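Since the structure comes first, as structure tokens, the remarks are kept for the end.
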Amino acid sequence: MSLKHDELKVHAKSIRKNIVKMIYEANSGHPGGSLSAADLITSLYFNHLKHDPRMPEMENRDRVIFSKGHASPLLYATLAECGYIKQDELQTFRKINSRLQGHPVYHKVEGVEATGGPLGQGFSFGVGVALASRVNKIDYRVYVLLGDGELQEGLVWEAAMAAGHYKLSNMCCMLDYNGLQIDGSVEKVMGVSPVADKFRAFNFNVIEIDGHDYNQIDAAFRLAKAKTDKPTIIIAHTVKGKGVSFMENDYTWHGKAPNKEQTEKALSDIDKM
């Protein structure tokens, strides 16, 4: 049974607050791109993903791969919100001997389906996982989270070419299109536009949405699931640092931790969303 949008917002707030707390506690991490994709990932896990936290190795579970692995705070906070891991483990983020490192590690944490790190790698891995579904005759979908700066990697387009060629209709990519990366505007650093036209050229079904509008997010996931002849990319236009006033649309919050005062302000802002 799908959650109502008000219920999704409650979960998204909790996830956003945990992202901030984790990064503050570690004094390290990537808040901007974790916060921007939170609504997209919340909707996916609570309304559209075939999964069961009690059976993380369920053979026909849908797979979620964070190709932008630096958004691991979002992944871990979501897994905790769903019940894969305990909430108190989040405070071990990026600490020595913790399972929750800065980039996720495959099979180290329940619910983590791929190791993150080199940008673009998760997309290629996802193509292989989607092909394996067909070869092994196991019915599941593969969801891959990409960053817009990540599109500057050649590996992304090799993966897109393969996904389109093999008509991987069980694959849905989600682009967190917030327009900013570590050094500033994506278009100034290395322009990636026109994104939609490029993916159409690689034989993708392209859906563009407001990545913070749950009506549009839910509709996009339903449309992606209904497409049976090609892979889908959901281009989600988002705000970097969404929910925290001083982080929103500020690229300097791509990869740094807030201090105590900033953390308190961030949590207060999220409460008011």
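So you can find residues: chains in the structure tokens are A, B, ... in the order shown, residues in each start at 1, and ligands are numbered from 1 in order.
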Kindly assemble as JSON lines a list of the segment 4-38 of chain A residues that lie within 8 Å of segment 93-106 of chain A, each paired with its nearest atom pair and their distance in Å to one decimal, using only C-alpha atoms, sorted first by chain and then by ascending residue number.
```
{"residue": "A:Met22", "atom": "CA", "partner": "A:Phe93", "partner_atom": "CA", "distance": 6.1}
{"residue": "A:Ile23", "atom": "CA", "partner": "A:Phe93", "partner_atom": "CA", "distance": 7.5}
{"residue": "A:Glu25", "atom": "CA", "partner": "A:Phe93", "partner_atom": "CA", "distance": 7.8}
{"residue": "A:Ala26", "atom": "CA", "partner": "A:Arg94", "partner_atom": "CA", "distance": 6.0}
{"residue": "A:Ser28", "atom": "CA", "partner": "A:Arg94", "partner_atom": "CA", "distance": 7.5}
{"residue": "A:Gly29", "atom": "CA", "partner": "A:Gly102", "partner_atom": "CA", "distance": 6.7}
```
Q: Step one, run DSSP on the backbone; step two, keep only residues of segment 150-185 of chain A assigned to strand (DSSP E or B); then write them as a list in words.
A: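 Assigned to strand (DSSP E or B), within segment 150-185 of chain A: Met171, Cys172, Cys173, Met174, Leu175, Asp176, Tyr177, Leu180, Gln181, Gly184 and Ser185 of chain A.
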Counting only C-alpha atoms, which residues of segment 4-106 of chain A sit at most 9 Å from some atom of segment 165-177 of chain A, and what is each one's closest atom pair with its distance in Å to one decimal, listed by chain and rising residue number, as CSV?
```
residue,atom,partner,partner_atom,distance
A:Gly33,CA,A:Asp176,CA,7.8
A:Ser36,CA,A:Asp176,CA,7.1
A:Ala37,CA,A:Asp176,CA,5.9
A:Leu40,CA,A:Met174,CA,8.3
```
Can you tell me which residues surround segment 68-76 of chain A at a distance of at most 7 Å, considering only C-alpha atoms, apart from same-chain residues fewer than 5 positions away, and format the answer as a CSV table (one decimal) with N, CA and C atoms, in the first residue's frame?
```csv
chain,number,residue,atom,x,y,z
A,19,ILE,N,20.9,12.9,7.8
A,19,ILE,CA,22.0,13.3,6.9
A,19,ILE,C,22.9,14.3,7.6
A,30,HIS,N,29.2,14.7,2.4
A,30,HIS,CA,28.6,15.4,1.3
A,30,HIS,C,27.1,15.7,1.5
A,33,GLY,N,24.4,17.2,-2.2
A,33,GLY,CA,23.8,16.2,-3.1
A,33,GLY,C,23.1,15.1,-2.4
A,34,SER,N,23.3,15.0,-1.1
A,34,SER,CA,22.5,14.0,-0.3
A,34,SER,C,21.1,14.6,-0.1
A,38,ALA,N,16.8,13.6,-1.7
A,38,ALA,CA,16.1,12.9,-0.6
A,38,ALA,C,14.7,12.6,-0.9
A,102,GLY,N,32.6,6.6,3.8
A,102,GLY,CA,32.2,7.7,2.9
A,102,GLY,C,31.6,7.3,1.6
A,103,HIS,N,32.0,6.2,1.1
A,103,HIS,CA,31.4,5.6,-0.1
A,103,HIS,C,30.9,4.2,0.3
A,104,PRO,N,29.7,3.8,-0.2
A,104,PRO,CA,29.2,2.5,0.3
A,104,PRO,C,30.0,1.3,-0.3
A,116,GLY,N,30.6,2.1,-4.1
A,116,GLY,CA,30.7,3.4,-4.8
A,116,GLY,C,32.1,4.0,-4.8
A,117,GLY,N,32.3,5.0,-5.5
A,117,GLY,CA,33.7,5.6,-5.6
A,117,GLY,C,33.9,6.3,-6.9
A,119,LEU,N,33.2,7.9,-10.2
A,119,LEU,CA,31.9,8.3,-10.8
A,119,LEU,C,31.7,7.6,-12.1
A,145,LEU,N,21.1,5.8,-9.2
A,145,LEU,CA,21.1,7.3,-8.9
A,145,LEU,C,22.4,7.9,-9.5
A,146,LEU,N,22.2,8.9,-10.4
A,146,LEU,CA,23.3,9.6,-11.0
A,146,LEU,C,23.3,11.0,-10.5
A,147,GLY,N,24.5,11.6,-10.5
A,147,GLY,CA,24.6,13.1,-10.3
A,147,GLY,C,24.9,13.8,-11.7
```
(Q) Run DSSP on the backbone and tell me which residues of segment 53-248 of chain A come out as alpha helix (DSSP H); list them as a count of residues only. (A) 64
(Q) Which residues are near Pro258 of chain A? Cut-off 9 Å, only C-alpha atoms, ignore same chain within fewer than 3 positions. Put them as a ChimeraX atom specification. (A) /A:20,23-24,27-28,31,253,261-263,266
**Q.** Spatial neighbours of Glu110 of chain A, 8 Å, only C-alpha atoms, chain gap at least 3 places, as JSON, numbers by chain
**A.** {"A": [56, 84, 85, 107]}
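Closest approach to Phe199 of chain A among A:Gly154, A:Gly83, A:Gly241, A:Gly164: A:Gly164, based on only C-alpha atoms.
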Q. If you measure from atom CA of Ala163 of chain A to atom CA of Ala130 of chain A, what distance in Å do you get, rounded to one decimal?
A. 8.7 Å
Q.
Please list as a list in words every residue within 9 Å of Phe123 of chain A, counting only C-alpha atoms and excluding residues in the same chain fewer than 6 positions away.
A.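 With the cut-off at 9 Å, the set is Ile65, Phe66, Ser67, Val144, Leu145, Leu146, Leu155, Val156, Ala159, Ala160 and Cys173 of chain A.
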Mind writing the picked residues with C-alpha atoms as a CSV table (one decimal), in the first residue's frame?
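Below is the file that was written, part_12.csv:
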```
chain,number,residue,atom,x,y,z
A,65,ILE,CA,22.7,1.5,-6.9
A,66,PHE,CA,24.2,4.9,-5.9
A,67,SER,CA,26.5,5.6,-8.8
A,144,VAL,CA,20.6,3.8,-10.5
A,145,LEU,CA,21.1,7.3,-8.9
A,146,LEU,CA,23.3,9.6,-11.0
A,155,LEU,CA,32.0,5.8,-18.6
A,156,VAL,CA,28.4,7.1,-18.2
A,159,ALA,CA,26.9,2.4,-20.0
A,160,ALA,CA,24.0,4.4,-21.6
A,173,CYS,CA,18.2,5.8,-13.9
```
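Nearest to Leu49 of chain A of all the residues A:His212, A:Lys188, A:Arg222, A:His254 is A:Arg222, based on only C-alpha atoms.
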Q: Rank A:Phe246, A:Tyr251, A:Phe202, A:Phe46 by their smallest atom-to-atom distance to Lys9 of chain A, using only C-alpha atoms, and report the top residue only.
A: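 Ranked by minimum distance to Lys9 of chain A, first place goes to A:Phe46.
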(Q) At a cut-off of 7 Å, using only C-alpha atoms, what residues contact His51 of chain A? Leave out same-chain residues fewer than 2 positions from it and give the result as JSON, numbers by chain. (A) {"A": [49, 53, 61, 62]}
